[in-house]
Structure formats: C-alpha cells, structure tokens
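Chemist: If it helps, the file is called upload08.tsv and holds TSV, C-alpha atoms:
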```tsv
chain	number	residue	atom	x	y	z
A	17	MET	CA	5.37	32.00	21.84
A	18	PRO	CA	4.57	35.00	24.12
A	19	HIS	CA	7.44	36.44	26.14
A	20	LEU	CA	6.04	35.32	29.51
A	21	THR	CA	5.59	31.77	28.27
A	22	SER	CA	9.20	31.75	27.06
A	23	VAL	CA	10.37	32.98	30.44
A	24	LEU	CA	8.34	30.37	32.29
A	25	VAL	CA	9.54	27.52	30.08
A	26	LEU	CA	13.12	28.70	30.53
A	27	ALA	CA	12.64	28.84	34.28
A	28	ALA	CA	11.35	25.30	34.23
A	29	VAL	CA	14.48	24.19	32.38
A	30	LEU	CA	16.68	26.00	34.86
A	31	ALA	CA	14.77	24.64	37.81
A	32	GLY	CA	16.04	21.19	36.96
A	33	ALA	CA	19.43	22.26	35.65
A	34	ALA	CA	20.27	24.40	38.65
A	35	GLY	CA	19.55	21.72	41.20
A	36	CYS	CA	16.10	22.86	42.10
A	37	GLY	CA	14.57	19.50	42.68
A	38	HIS	CA	15.22	16.16	44.16
A	39	GLY	CA	12.76	14.22	42.07
A	40	SER	CA	10.05	16.86	42.28
A	41	SER	CA	6.74	15.83	40.85
A	42	THR	CA	3.67	17.53	39.49
A	43	PRO	CA	0.46	17.40	41.49
A	44	SER	CA	-2.15	15.07	40.01
A	45	SER	CA	-4.50	17.98	39.43
A	46	LEU	CA	-3.24	21.42	38.51
A	47	PRO	CA	-4.40	24.49	40.42
A	48	PRO	CA	-6.65	26.91	38.51
A	49	ASN	CA	-4.72	29.18	36.11
A	50	SER	CA	-1.63	26.95	36.22
A	51	THR	CA	0.15	25.42	33.29
A	52	PRO	CA	2.50	22.44	33.09
A	53	TYR	CA	5.67	23.08	31.11
A	54	PRO	CA	8.39	20.57	30.27
A	55	THR	CA	11.59	21.04	32.23
A	56	GLY	CA	13.92	20.23	29.36
A	57	PRO	CA	14.11	20.76	25.63
A	58	SER	CA	13.36	18.09	23.02
A	59	GLY	CA	11.72	15.61	25.35
A	60	SER	CA	14.48	15.58	27.93
A	61	SER	CA	14.40	16.66	31.53
A	62	THR	CA	17.05	17.56	33.99
A	63	THR	CA	16.88	16.06	37.45
A	64	THR	CA	19.10	16.11	40.49
A	65	GLY	CA	20.46	13.50	42.84
A	66	PRO	CA	19.30	13.65	46.47
A	67	ASN	CA	22.82	13.72	47.92
A	68	SER	CA	24.33	16.33	45.61
A	69	PRO	CA	25.12	19.77	47.06
A	70	ILE	CA	24.48	22.95	45.16
A	71	GLY	CA	27.77	24.34	43.95
A	72	PRO	CA	29.12	27.08	41.70
A	73	THR	CA	30.28	24.57	39.08
A	74	GLY	CA	26.95	23.88	37.46
A	75	GLY	CA	24.31	22.87	39.94
A	76	ALA	CA	23.42	19.99	42.13
A	77	GLY	CA	24.31	16.65	40.56
A	78	THR	CA	22.40	17.21	37.35
A	79	THR	CA	21.66	14.36	34.98
A	80	THR	CA	19.66	14.38	31.77
A	81	THR	CA	17.07	11.70	31.04
A	82	SER	CA	14.76	11.02	28.12
A	83	THR	CA	11.51	11.74	29.98
A	84	THR	CA	9.80	15.05	30.58
A	85	THR	CA	8.81	16.19	34.06
A	86	PRO	CA	6.36	19.08	34.08
A	87	VAL	CA	6.70	22.06	36.39
A	88	VAL	CA	3.50	23.74	37.54
A	89	VAL	CA	3.63	27.40	36.55
A	90	LEU	CA	1.39	29.66	38.59
A	91	PRO	CA	0.56	33.30	37.79
A	92	LEU	CA	2.28	35.61	40.28
A	93	ALA	CA	-1.07	36.94	41.52
A	94	ASP	CA	-2.15	33.39	42.42
A	95	ALA	CA	1.18	32.19	43.84
A	96	ALA	CA	2.17	35.20	45.91
A	97	SER	CA	0.87	37.72	48.41
A	98	ASN	CA	1.82	41.15	47.06
A	99	GLY	CA	4.59	39.50	45.01
A	100	THR	CA	6.01	37.65	48.04
A	101	PHE	CA	6.09	33.88	48.53
A	102	LEU	CA	7.69	31.35	50.87
A	103	SER	CA	9.26	27.94	50.46
A	104	PRO	CA	7.30	25.04	52.00
A	105	THR	CA	9.81	24.97	54.90
A	106	ARG	CA	9.26	28.73	55.36
A	107	ASN	CA	13.04	29.18	55.59
A	108	LEU	CA	13.21	30.93	52.21
A	109	ALA	CA	11.20	33.94	51.06
A	110	CYS	CA	11.21	35.79	47.74
A	111	MET	CA	9.60	38.97	46.50
A	112	ILE	CA	9.15	39.86	42.83
A	113	ALA	CA	8.53	43.59	42.52
A	114	GLU	CA	7.74	45.72	39.49
A	115	THR	CA	7.56	49.04	41.35
A	116	PRO	CA	9.25	51.21	42.43
A	117	ALA	CA	12.09	49.28	40.76
A	118	SER	CA	11.86	45.95	38.96
A	119	MET	CA	13.74	43.36	41.04
A	120	VAL	CA	13.58	40.00	42.73
A	121	ARG	CA	14.79	39.71	46.29
A	122	CYS	CA	15.17	36.40	48.14
A	123	ALA	CA	16.22	35.60	51.68
A	124	SER	CA	17.20	32.57	53.73
A	125	PHE	CA	16.44	33.02	57.41
A	126	SER	CA	18.76	30.22	58.60
A	127	PRO	CA	21.54	30.83	57.78
A	128	PRO	CA	20.93	34.55	57.15
A	129	LEU	CA	21.37	35.16	53.41
A	130	LEU	CA	19.94	37.81	51.10
A	131	VAL	CA	20.17	38.30	47.34
A	132	THR	CA	18.72	41.03	45.11
A	133	MET	CA	18.63	40.67	41.29
A	134	THR	CA	17.98	43.37	38.69
A	135	PRO	CA	16.35	42.92	35.25
A	136	ASP	CA	19.75	42.37	33.57
A	137	GLY	CA	20.35	39.27	35.71
A	138	SER	CA	23.07	40.77	37.86
A	139	PHE	CA	22.66	40.16	41.56
A	140	THR	CA	24.09	41.28	44.88
A	141	PRO	CA	24.40	38.68	47.65
A	142	CYS	CA	24.68	39.29	51.39
A	143	SER	CA	25.37	36.84	54.20
A	144	GLY	CA	25.37	37.07	57.96
A	145	ASN	CA	23.74	39.36	60.44
A	146	ALA	CA	24.41	42.48	58.33
A	147	CYS	CA	21.65	41.41	55.89
A	148	GLU	CA	18.33	43.17	56.40
A	149	LEU	CA	16.07	40.16	55.92
A	150	GLY	CA	12.74	41.54	57.08
A	151	ASN	CA	9.80	39.33	58.02
A	152	PRO	CA	7.17	38.02	55.61
A	153	ALA	CA	3.56	38.68	56.54
A	154	VAL	CA	1.64	35.90	58.27
A	155	GLU	CA	-0.63	35.48	55.21
A	156	THR	CA	2.30	35.07	52.76
A	157	LYS	CA	1.58	32.20	50.38
A	158	VAL	CA	3.79	29.12	49.97
A	159	LEU	CA	5.14	28.23	46.51
A	160	PRO	CA	4.97	24.41	46.45
A	161	TYR	CA	7.90	22.25	45.38
A	162	GLY	CA	7.78	21.73	41.62
A	163	ALA	CA	6.02	25.05	41.04
A	164	ALA	CA	7.26	28.27	39.45
A	165	THR	CA	5.92	31.81	39.30
A	166	GLY	CA	7.00	35.15	37.94
A	167	ASP	CA	6.24	38.27	36.00
A	168	ARG	CA	7.38	39.59	32.61
A	169	THR	CA	10.98	39.93	33.83
A	170	PHE	CA	11.67	37.29	36.49
A	171	THR	CA	10.74	33.67	37.13
A	172	CYS	CA	11.35	31.78	40.36
A	173	ALA	CA	11.03	28.00	40.71
A	174	SER	CA	10.65	26.10	43.98
A	175	SER	CA	12.16	22.71	44.76
A	176	THR	CA	13.36	20.76	47.76
A	177	ALA	CA	16.82	22.24	47.10
A	178	GLY	CA	15.60	25.87	47.31
A	179	PHE	CA	14.53	28.64	44.93
A	180	THR	CA	16.05	29.40	41.53
A	181	CYS	CA	15.25	32.82	40.06
A	182	THR	CA	16.16	33.83	36.51
A	183	ILE	CA	15.54	36.29	33.71
A	184	ALA	CA	14.55	35.25	30.16
A	185	THR	CA	18.15	34.47	29.16
A	186	GLY	CA	18.48	31.94	31.98
A	187	LYS	CA	20.84	34.12	33.99
A	188	GLY	CA	20.13	34.35	37.70
A	189	PHE	CA	20.78	32.66	41.02
A	190	ALA	CA	19.86	29.73	43.22
A	191	ILE	CA	19.39	30.21	46.96
A	192	SER	CA	19.27	27.50	49.60
A	193	ARG	CA	20.61	26.73	53.06
A	194	SER	CA	23.88	25.95	51.27
A	195	GLY	CA	24.26	29.49	49.95
A	196	ILE	CA	23.71	31.62	46.87
A	197	VAL	CA	25.15	30.52	43.54
A	198	PRO	CA	24.90	31.93	40.00
A	199	VAL	CA	23.01	30.05	37.30
A	200	GLY	CA	23.03	30.57	33.54
A	201	SER	CA	25.49	32.80	31.75
```
In structure tokens, how does this file's structure come out?
Modeler:
Amino acid sequence: MPHLTSVLVLAAVLAGAAGCGHGSSTPSSLPPNSTPYPTGPSGSSTTTGPNSPIGPTGGAGTTTTSTTTPVVVLPLADAASNGTFLSPTRNLACMIAETPASMVRCASFSPPLLVTMTPDGSFTPCSGNACELGNPAVETKVLPYGAATGDRTFTCASSTAGFTCTIATGKGFAISRSGIVPVGS
C-alpha cells in the first residue's frame, strides 16, 4: 500500500478513536478524486458518544462496533486553498505546509488556541491572546465533517468534535473548543 494511502487510512482510524465524530456519516456520492476508507481495522469502526468531552485520557467516549464507517479522503489540493482549510463552523482553521518547513498548524478562534506540529509528531500548543492566530482568506475551503485531507507527512480529519491531525504513526493532536489534546503515542 503506498505511503499516502497508509497515512490516510491511519488518519481515518484516528478520526474515530480520537473523538473526531459524533456519528459522522459519508455523503451519498463522493466528491471527485475522493476515496472512502474504513475507520477501523478488521471490519470495526470507532465512534464517539454525543455527550462525551475530549480529554487527555484517550479521546471522546470511544466505543468499538462491528460495522465500518467510511471517511471521505480528499486530496489536499481539492480540500484546501493553498494548504489551508476551515471547519464547517469556521471556528477552526488548519494549514498543512511543505515549504519553507513541513508542518501543520491549526487554530481555534474562540477560544483562542494555536498548535503547530512537526513531521516527528511533536507539537507546541498556545492558548489565549498571546497566540498569533492570523485570519484565513475569504476563499478558504471548508473540510466537511467526516472528511480527511493531507500530504505525504500529515493527515487531518474533520468531525463535529473538531480536527484531528496526525503523522503516519498515529501521533498527533486533536483541537476543538475544548482544547488541544495529544493523540497516538
């Protein structure tokens, strides 16, 4: 399996495991250049309960079932404007950059939160008014709930709980109104 496909499948697994969806579903017709991937290994999927907060102890109320829920994986060029994309609420924004330095940077505008992750999966969080959040361009695309996008290094998945961004090993972070928490090991 090509490296990017492995990363995208792993991101789909983490999207459910890290509390990235409250029963997210796949659109009935996939956008061009998108691919459905199962969210869990061996015919299982990981889902979250609607009243479970994201926390540092393993995600938002995760449960494993015997069904598979696909996540729509969109190429970064289709899902983002210059590597930048918004959540459907427009409260969260992420940018996946390859140059000048490979990184993913995500922000919450309310409350003000910022996190930057490097290719090894380590990240630096910031909270409060000291964070330099910036403003996404008016034409910035929205990454729909249940969708994921990325490049060769990073994958970010969107859900009603927020964004989860990871590297191929599954290490990364989840960002939401509740805060920034690590995912993976």
Chemist: Between A:Cys147, A:Ala109, A:Leu90, A:Cys172, which residue has the minimum interatomic distance to Lys187 (chain A), considering only C-alpha atoms?
Modeler: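 Ranked by minimum distance to Lys187 (chain A), first place goes to A:Cys172.
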Chemist: Find the spatial neighbours of Cys181 (chain A), counting all atoms listed in the file, within a cut-off of 6 Å - ignore same-chain residues fewer than 4 positions away - and output them as a list in words.
Modeler: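 Residues near the query, excluding close chain neighbours: Thr171, Cys172, Gly188 and Phe189 of chain A.
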Chemist: Keeping C-alpha atoms for every residue in the selection just given, could you write it to a file as an mmCIF file, keeping the file's coordinate frame?
Modeler:
```
data_model
loop_
_atom_site.group_PDB
_atom_site.id
_atom_site.type_symbol
_atom_site.label_atom_id
_atom_site.label_comp_id
_atom_site.auth_asym_id
_atom_site.auth_seq_id
_atom_site.Cartn_x
_atom_site.Cartn_y
_atom_site.Cartn_z
ATOM 1 C CA THR A 171 10.740 33.670 37.130
ATOM 2 C CA CYS A 172 11.350 31.780 40.360
ATOM 3 C CA GLY A 188 20.130 34.350 37.700
ATOM 4 C CA PHE A 189 20.780 32.660 41.020
#
```
Chemist: Could you name the residues that touch Ala146 (chain A) at 10 Å or less, counting all atoms listed in the file, but leaving out those on the same chain fewer than 6 positions away, as a list in words?
Modeler: Pro128, Leu129 and Leu130 of chain A
Chemist: Could you work out how far CA of Ser103 (chain A) lies from CA of Ala173 (chain A), giving the answer in Å with one decimal?
Modeler: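 A separation of 9.9 Å between them.
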Chemist: Report, in Å with one decimal, the straight-line distance from CA of Glu114 (chain A) to CA of Ser194 (chain A).
Modeler: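 Answer for the CA of Glu114 (chain A) to CA of Ser194 (chain A) separation: 28.1 Å.
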Chemist: In Å, how far is it from CA of Thr132 (chain A) to CA of Ser175 (chain A)?
Modeler: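 Distance between the two atoms: 19.5 Å.
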Chemist: Tell me which protein, DNA and RNA residues are within 8 Å of Ser201 (chain A), counting only C-alpha atoms, leaving out same-chain ones fewer than 2 positions away, and put them as a VMD selection string.
Modeler: chain A and resid 185 to 187 199
Chemist: Please, could you write that set of residues out with C-alpha atoms as a PDB file, in the coordinates of the input?
Modeler:
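Written file, out.pdb:
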```pdb
ATOM      1  CA  THR A 185      18.150  34.470  29.160  1.00  0.00           C
ATOM      2  CA  GLY A 186      18.480  31.940  31.980  1.00  0.00           C
ATOM      3  CA  LYS A 187      20.840  34.120  33.990  1.00  0.00           C
ATOM      4  CA  VAL A 199      23.010  30.050  37.300  1.00  0.00           C
TER       5      VAL A 199
END
```
Chemist: So, with all atoms listed in the file as the atoms that count, which of A:Gly195, A:Gly99, A:Pro91, A:Gly178 lies closest to Pro127 (chain A)?
Modeler: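 That would be A:Gly195, the residue with the smallest distance to Pro127 (chain A).
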Chemist: Restricting the calculation to only C-alpha atoms: of A:Ala153, A:Val131, A:Met119, A:Leu159, which residue gets closest to Asn98 (chain A)?
Modeler: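 Among the listed residues, the smallest separation from Asn98 (chain A) belongs to A:Ala153.
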Chemist: Please check which residues have atoms at most 12 Å from (5.2, 32.7, 40.3) in the file's coordinates, counting all atoms listed in the file, and write them as a ChimeraX atom specification.
Modeler: /A:20,23-24,27-28,49-51,87-103,110-113,120,157-174,179-182
